Amino acid sequence: MSEVQDLMSSLPDDKIDMIAATSVLQQQAGDIRQNKPNWASYKQSQMISQEDFAVVSSLDKDKKSQAQYLQENAAQCAKTFLNLLSHVSKDQTIQYILVMIDDLLQEDRTRVQLFHDYANKRKESVWAPFLNLLNRQDGFIVNMASRVIGKLACWGQESMPKSDLHFYLQWLKDQLTVANNEYIQSVARCLQMMLRVDEYRFAFVTVDGISTLISILSSRVNFQVQYQLVFCLWVLTFNPLLAEKMNKFNVIPILADILSDSAKEKVTRIILAVFRNMIEKPDDSQVAKEHCIAMVQCKVMKQLQILEQRRFDDEDISADLEFLIEKLQNSVHDLSSFDEYATEIKSARLEWSPVHKSAKFWRENAQRLNEKNYELLRILVHLLETSKDALVLSVASYDIGEYVRHYPRGKHVIEQLGGKQLVMQLLSHDDPNVRYEALLAVQKLMVHNWEYLGKQLEKENEKTPQSGAAISGKA
């Protein structure tokens with residue numbers, strides 16, 4: 001087992017989710033434990049066998065008797081539980097059986113192997129009976145089955161087969177997006193378990209899981225769900241490759257916003273831990289540097305300095321703060337204007353930072369926008385097509401105009417990327433600042449005599465002073 005997996009598996013459950021016991025699922029489980037099924041009536045009506053009746057009756061006693069019986073009848077116990085799930089249809093009884101199974105596994109996670117061993121011996125799927133329950137209508141059954149699946153997948157020696165794994169992770173991802181899902185804490189809890197296993201992390205990425213986590217985190221969710229979903233990002237970043245790719249999903253800007261708004265220490269702690277991993281874990285030092293710059297760009301440094309003034313009992317927070325402040329300060333010292341510019345473009349949060357209006361910057365760096373197959377230009381064009389933010393559209397239009405102005409083949413490149421048509425569409429935008437910057441960019445795309453264009457713009461500004469205000473950002 002790798003060092004990373006070691007760390008993940010050694011984390012105690014209460015460290016993962018300190019208030020799991022208050023989740024809707026756990027509250028309901030407490031009520032269900034008080035309503036034992038009448039196993040005798042099931043036996044009398046021949047709905048369960050004498051053998052299964054004997055097992056379930058013995059297990060449905062005090063913990064000490066239960067543990068001893070399990071030890072002596074391990075295979076039979078697993079068989080009975082799987083039999084009951086396939087032969088009993090009443091919701092209340094299925095609920096009770098699932099709580100029994102979950103309790104047994106929670107008390108001793110090695111009991112997971114009882115189910116795996118029995119299924120392997122019979123050459124049957126241990127997953128099918130539980131995965132089938134995900135199709136039920138009853139919310140408790142569905143989510144308790146999911147919880148058991150997570151334990152079977154993470155606590156035993158057997159990995160979940162790829163097709164079942166894909167189905168389960170897709171189901172978890174979909175459940176996160178269900179509006180007003182009262183079981184969202186339980187769904188997130190299952191993901192917290194699953195993503196501690198390295199091979200499951202990559203499977204989660206293939207079902208577009210990271211984008212879903214980020215989408216939910218960018219909406220309004222309570223601090224507990226915030227904590228759980230950021231925890232999922234944290235365990236993903238223990239894989240160096242995923243730590244490198246993480247900010248392609250806009251993780252840093254979203255977490256920076258949460259960090260500045262959150263008053264909860266547990267949320268602060270887990271965000272700092274994600275940021276630290278995104279700098280510490282990538283094998284490529286250039287990627288780590290880019291992550292540092294992105295954090296600086298998203299005003300994380302200011303937030304770290306505010307946090308540094310507070311007293312934290314948690315030593316992890318203090319250590320992470322110290323690490324991050326040092327790394328971000330170093331990156332600021334090494335930061336070139338082009339690094340700063342590239343990071344801003346990749347963050348998709350454009351503003352009138354000094355670099356945009358610097359003629360020296362464009363003279364020296366316009367050609368660098370061609371690097372990596374026009375990566376930055378493609379982002380600018382994409383923002384023109386998709387952004388609803390007037391400031392972003394204004395700055396992107398201006399930058400495209402400056403690129404064309406300072407790079408001889410710029411007009412051709414922008415036309416090939418579809419940028420010219422998008423800029424022209426913005427000439428009819430509702431916002432006057434966007435219209436003005438789009439007009440400026442279109443003129444640069446079409447006019448060669450820059451000196452003449454400059455004089456014409458000066459005349460236009462003299463006639464319409466309000467446009468000058470718009471340019472300066474005072475409108």
# chains A, B, ... in the order shown; residues from 1 in each chain; ligands from 1
$ residues_around --residues "Thr343 of chain A" --least-positions-apart "2" --cutoff "9 Å" --atoms "only C-alpha atoms" --output "short mmCIF file (atom, residue, chain, number, x, y, z; two decimals) with C-alpha atoms, in the first residue's frame"
data_model
loop_
_atom_site.label_atom_id
_atom_site.label_comp_id
_atom_site.auth_asym_id
_atom_site.auth_seq_id
_atom_site.Cartn_x
_atom_site.Cartn_y
_atom_site.Cartn_z
CA GLU A 290 1.18 28.06 -11.86
CA HIS A 291 -1.03 27.02 -8.95
CA ILE A 293 0.30 32.28 -9.20
CA ALA A 294 -3.38 31.36 -9.56
CA GLN A 297 -4.38 36.09 -8.65
CA PHE A 338 3.30 37.38 -18.63
CA ASP A 339 2.90 34.73 -15.88
CA GLU A 340 0.45 37.05 -14.16
CA TYR A 341 -1.43 37.66 -17.39
CA ILE A 345 -6.77 34.44 -18.45
CA LYS A 346 -6.84 30.81 -17.27
CA SER A 347 -8.86 31.80 -14.21
CA ALA A 348 -11.52 33.30 -16.55
#
$ residues_around --residues "Gln71 of chain A" --least-positions-apart "6" --cutoff "12 Å" --atoms "only C-alpha atoms" --output "VMD selection string"
chain A and resid 59 64 to 65 77 to 78 104 108 110 to 111 114
$ atom_distance --atom1 "atom CA of Lys357 of chain A" --atom2 "atom CA of Gly401 of chain A"
11.5 Å
$ atom_distance --atom1 "atom CA of Ser397 of chain A" --atom2 "atom CA of Val423 of chain A"
6.5 Å
$ select_by_dssp --residues "segment 219-419 of chain A" --states "alpha helix (DSSP H)" --output "PyMOL selection string"
chain A and resi 223-236+240-245+251-261+265-280+285-297+300-308+315-334+337-347+359-365+371-386+390-406+410-416+419
$ closest_residue --among "A:Gln28, A:Ser89, A:Ser218, A:Ala273" --to "Gly139 of chain A" --atoms "only C-alpha atoms"
A:Gln28
$ residues_around --residues "segment 439-445 of chain A" --least-positions-apart "2" --cutoff "8 Å" --atoms "only C-alpha atoms" --output "list of chain:residue names"
A:Ser397, A:Tyr398, A:Ile400, A:Gly401, A:Glu402, A:Val404, A:Arg405, A:Lys411, A:Lys420, A:Val423, A:Met424, A:Leu427, A:Arg435, A:Tyr436, A:Glu437, A:Val447, A:His448, A:Trp450, A:Leu453
$ residues_around --residues "Gln175 of chain A" --least-positions-apart "3" --cutoff "12 Å" --atoms "only C-alpha atoms" --output "PyMOL selection string"
chain A and resi 134+139+142-143+146+168-172+178-188+190-191+209+212-213+216
$ write_last_selection --atoms "N, CA, C and O atoms" --output "short mmCIF file (atom, residue, chain, number, x, y, z; two decimals), in the first residue's frame"
data_model
loop_
_atom_site.label_atom_id
_atom_site.label_comp_id
_atom_site.auth_asym_id
_atom_site.auth_seq_id
_atom_site.Cartn_x
_atom_site.Cartn_y
_atom_site.Cartn_z
N LEU A 134 -30.57 0.36 -5.33
CA LEU A 134 -30.47 1.78 -5.70
C LEU A 134 -31.62 2.21 -6.60
O LEU A 134 -31.85 3.41 -6.80
N GLY A 139 -36.25 6.43 -0.11
CA GLY A 139 -34.99 7.16 0.01
C GLY A 139 -34.04 6.56 1.02
O GLY A 139 -32.83 6.53 0.81
N VAL A 142 -32.44 3.30 -0.45
CA VAL A 142 -31.47 3.65 -1.50
C VAL A 142 -30.15 4.14 -0.88
O VAL A 142 -29.06 3.69 -1.26
N ASN A 143 -30.25 5.04 0.08
CA ASN A 143 -29.04 5.64 0.63
C ASN A 143 -28.32 4.75 1.63
O ASN A 143 -27.09 4.81 1.74
N SER A 146 -26.44 2.36 -0.53
CA SER A 146 -25.26 3.05 -1.04
C SER A 146 -24.14 3.07 0.00
O SER A 146 -22.97 2.87 -0.32
N TYR A 168 -22.01 2.95 -10.00
CA TYR A 168 -22.16 3.47 -8.63
C TYR A 168 -21.70 4.92 -8.53
O TYR A 168 -22.39 5.77 -7.95
N LEU A 169 -20.53 5.23 -9.11
CA LEU A 169 -20.01 6.60 -9.05
C LEU A 169 -20.90 7.57 -9.83
O LEU A 169 -21.12 8.71 -9.41
N GLN A 170 -21.42 7.10 -10.95
CA GLN A 170 -22.35 7.93 -11.72
C GLN A 170 -23.61 8.20 -10.90
O GLN A 170 -24.14 9.32 -10.88
N TRP A 171 -24.08 7.17 -10.19
CA TRP A 171 -25.27 7.32 -9.34
C TRP A 171 -24.99 8.35 -8.23
O TRP A 171 -25.82 9.23 -7.98
N LEU A 172 -23.84 8.23 -7.57
CA LEU A 172 -23.49 9.18 -6.51
C LEU A 172 -23.43 10.61 -7.06
O LEU A 172 -23.95 11.55 -6.45
N VAL A 178 -29.36 16.29 -7.30
CA VAL A 178 -30.81 16.27 -7.10
C VAL A 178 -31.20 17.47 -6.23
O VAL A 178 -30.63 17.69 -5.16
N ALA A 179 -32.17 18.24 -6.69
CA ALA A 179 -32.58 19.44 -5.95
C ALA A 179 -33.12 19.08 -4.57
O ALA A 179 -33.93 18.15 -4.44
N ASN A 180 -32.66 19.80 -3.57
CA ASN A 180 -33.15 19.62 -2.19
C ASN A 180 -33.08 18.17 -1.71
O ASN A 180 -33.99 17.68 -1.04
N ASN A 181 -32.00 17.48 -2.05
CA ASN A 181 -31.83 16.09 -1.63
C ASN A 181 -31.53 16.04 -0.13
O ASN A 181 -30.47 16.48 0.31
N GLU A 182 -32.48 15.50 0.65
CA GLU A 182 -32.29 15.49 2.11
C GLU A 182 -31.17 14.55 2.53
O GLU A 182 -30.69 14.62 3.67
N TYR A 183 -30.76 13.67 1.61
CA TYR A 183 -29.70 12.70 1.94
C TYR A 183 -28.34 13.13 1.39
O TYR A 183 -27.43 12.31 1.30
N ILE A 184 -28.19 14.40 1.02
CA ILE A 184 -26.95 14.81 0.35
C ILE A 184 -25.71 14.59 1.23
O ILE A 184 -24.65 14.23 0.74
N GLN A 185 -25.85 14.73 2.56
CA GLN A 185 -24.70 14.45 3.44
C GLN A 185 -24.27 12.99 3.33
O GLN A 185 -23.07 12.68 3.33
N SER A 186 -25.23 12.10 3.25
CA SER A 186 -24.92 10.67 3.16
C SER A 186 -24.27 10.33 1.82
O SER A 186 -23.35 9.51 1.75
N VAL A 187 -24.76 10.97 0.75
CA VAL A 187 -24.17 10.77 -0.58
C VAL A 187 -22.71 11.24 -0.56
O VAL A 187 -21.80 10.54 -1.01
N ALA A 188 -22.50 12.44 0.00
CA ALA A 188 -21.13 12.98 0.07
C ALA A 188 -20.23 12.10 0.93
O ALA A 188 -19.05 11.90 0.63
N CYS A 190 -20.40 8.88 1.27
CA CYS A 190 -19.98 7.72 0.46
C CYS A 190 -18.83 8.10 -0.46
O CYS A 190 -17.86 7.34 -0.61
N LEU A 191 -18.92 9.28 -1.05
CA LEU A 191 -17.84 9.73 -1.93
C LEU A 191 -16.55 9.95 -1.14
O LEU A 191 -15.46 9.64 -1.63
N GLY A 209 -16.77 13.79 -12.49
CA GLY A 209 -17.11 14.04 -11.10
C GLY A 209 -16.57 15.36 -10.55
O GLY A 209 -17.26 16.04 -9.79
N THR A 212 -18.68 18.29 -11.35
CA THR A 212 -19.91 18.30 -10.55
C THR A 212 -19.64 18.86 -9.16
O THR A 212 -20.41 19.69 -8.65
N LEU A 213 -18.56 18.42 -8.52
CA LEU A 213 -18.21 18.95 -7.20
C LEU A 213 -18.05 20.47 -7.25
O LEU A 213 -18.56 21.20 -6.38
N ILE A 216 -21.39 22.37 -7.68
CA ILE A 216 -22.18 22.45 -6.45
C ILE A 216 -21.54 23.42 -5.47
O ILE A 216 -22.22 24.22 -4.83
#
$ residues_around --residues "segment 368-383 of chain A" --least-positions-apart "4" --cutoff "6 Å" --atoms "only C-alpha atoms" --output "PyMOL selection string"
chain A and resi 387+396+419
$ write_last_selection --atoms "all heavy atoms" --output "compact mmCIF listing (two decimals), in the first residue's frame"
# COMPACT_ATOMS: atom_id res chain seq x y z
N SER A 387 -19.18 33.94 -21.81
CA SER A 387 -19.31 34.73 -20.58
C SER A 387 -20.53 35.64 -20.63
O SER A 387 -20.89 36.20 -21.68
CB SER A 387 -18.06 35.56 -20.36
OG SER A 387 -18.19 36.30 -19.15
N ALA A 396 -11.68 40.95 -22.55
CA ALA A 396 -11.32 39.97 -23.59
C ALA A 396 -11.31 40.62 -24.97
O ALA A 396 -10.41 40.37 -25.79
CB ALA A 396 -12.31 38.80 -23.55
N GLY A 419 -12.77 34.36 -33.60
CA GLY A 419 -12.87 35.50 -32.70
C GLY A 419 -13.46 36.75 -33.33
O GLY A 419 -14.18 37.51 -32.68
$ atom_distance --atom1 "atom CA of Arg109 of chain A" --atom2 "atom CA of Gln66 of chain A"
15.1 Å
$ residues_around --residues "Gln309 of chain A" --least-positions-apart "3" --cutoff "12 Å" --atoms "only C-alpha atoms" --output "PDB file with N, CA and C atoms, in the first residue's frame"
ATOM      1  N   LYS A 302      -4.000  37.560   0.519  1.00  0.00           N
ATOM      2  CA  LYS A 302      -4.635  38.500   1.453  1.00  0.00           C
ATOM      3  C   LYS A 302      -5.415  37.739   2.531  1.00  0.00           C
ATOM      4  N   GLN A 303      -6.129  36.701   2.108  1.00  0.00           N
ATOM      5  CA  GLN A 303      -6.921  35.912   3.050  1.00  0.00           C
ATOM      6  C   GLN A 303      -6.027  35.153   4.036  1.00  0.00           C
ATOM      7  N   LEU A 304      -4.911  34.649   3.548  1.00  0.00           N
ATOM      8  CA  LEU A 304      -3.962  33.938   4.415  1.00  0.00           C
ATOM      9  C   LEU A 304      -3.412  34.873   5.496  1.00  0.00           C
ATOM     10  N   GLN A 305      -3.139  36.098   5.094  1.00  0.00           N
ATOM     11  CA  GLN A 305      -2.597  37.066   6.055  1.00  0.00           C
ATOM     12  C   GLN A 305      -3.629  37.418   7.127  1.00  0.00           C
ATOM     13  N   ILE A 306      -4.902  37.462   6.730  1.00  0.00           N
ATOM     14  CA  ILE A 306      -5.978  37.694   7.712  1.00  0.00           C
ATOM     15  C   ILE A 306      -6.062  36.508   8.672  1.00  0.00           C
ATOM     16  N   PHE A 312      -5.567  29.574  16.135  1.00  0.00           N
ATOM     17  CA  PHE A 312      -6.183  28.287  15.816  1.00  0.00           C
ATOM     18  C   PHE A 312      -5.629  27.218  16.753  1.00  0.00           C
ATOM     19  N   SER A 318      -2.207  25.968  11.253  1.00  0.00           N
ATOM     20  CA  SER A 318      -1.024  26.826  11.404  1.00  0.00           C
ATOM     21  C   SER A 318       0.098  26.391  10.467  1.00  0.00           C
ATOM     22  N   LEU A 321      -0.887  27.235   6.845  1.00  0.00           N
ATOM     23  CA  LEU A 321      -0.783  28.685   6.629  1.00  0.00           C
ATOM     24  C   LEU A 321       0.672  29.094   6.401  1.00  0.00           C
ATOM     25  N   GLU A 322       1.543  28.598   7.249  1.00  0.00           N
ATOM     26  CA  GLU A 322       2.971  28.936   7.136  1.00  0.00           C
ATOM     27  C   GLU A 322       3.526  28.490   5.790  1.00  0.00           C
TER      28      GLU A 322
END
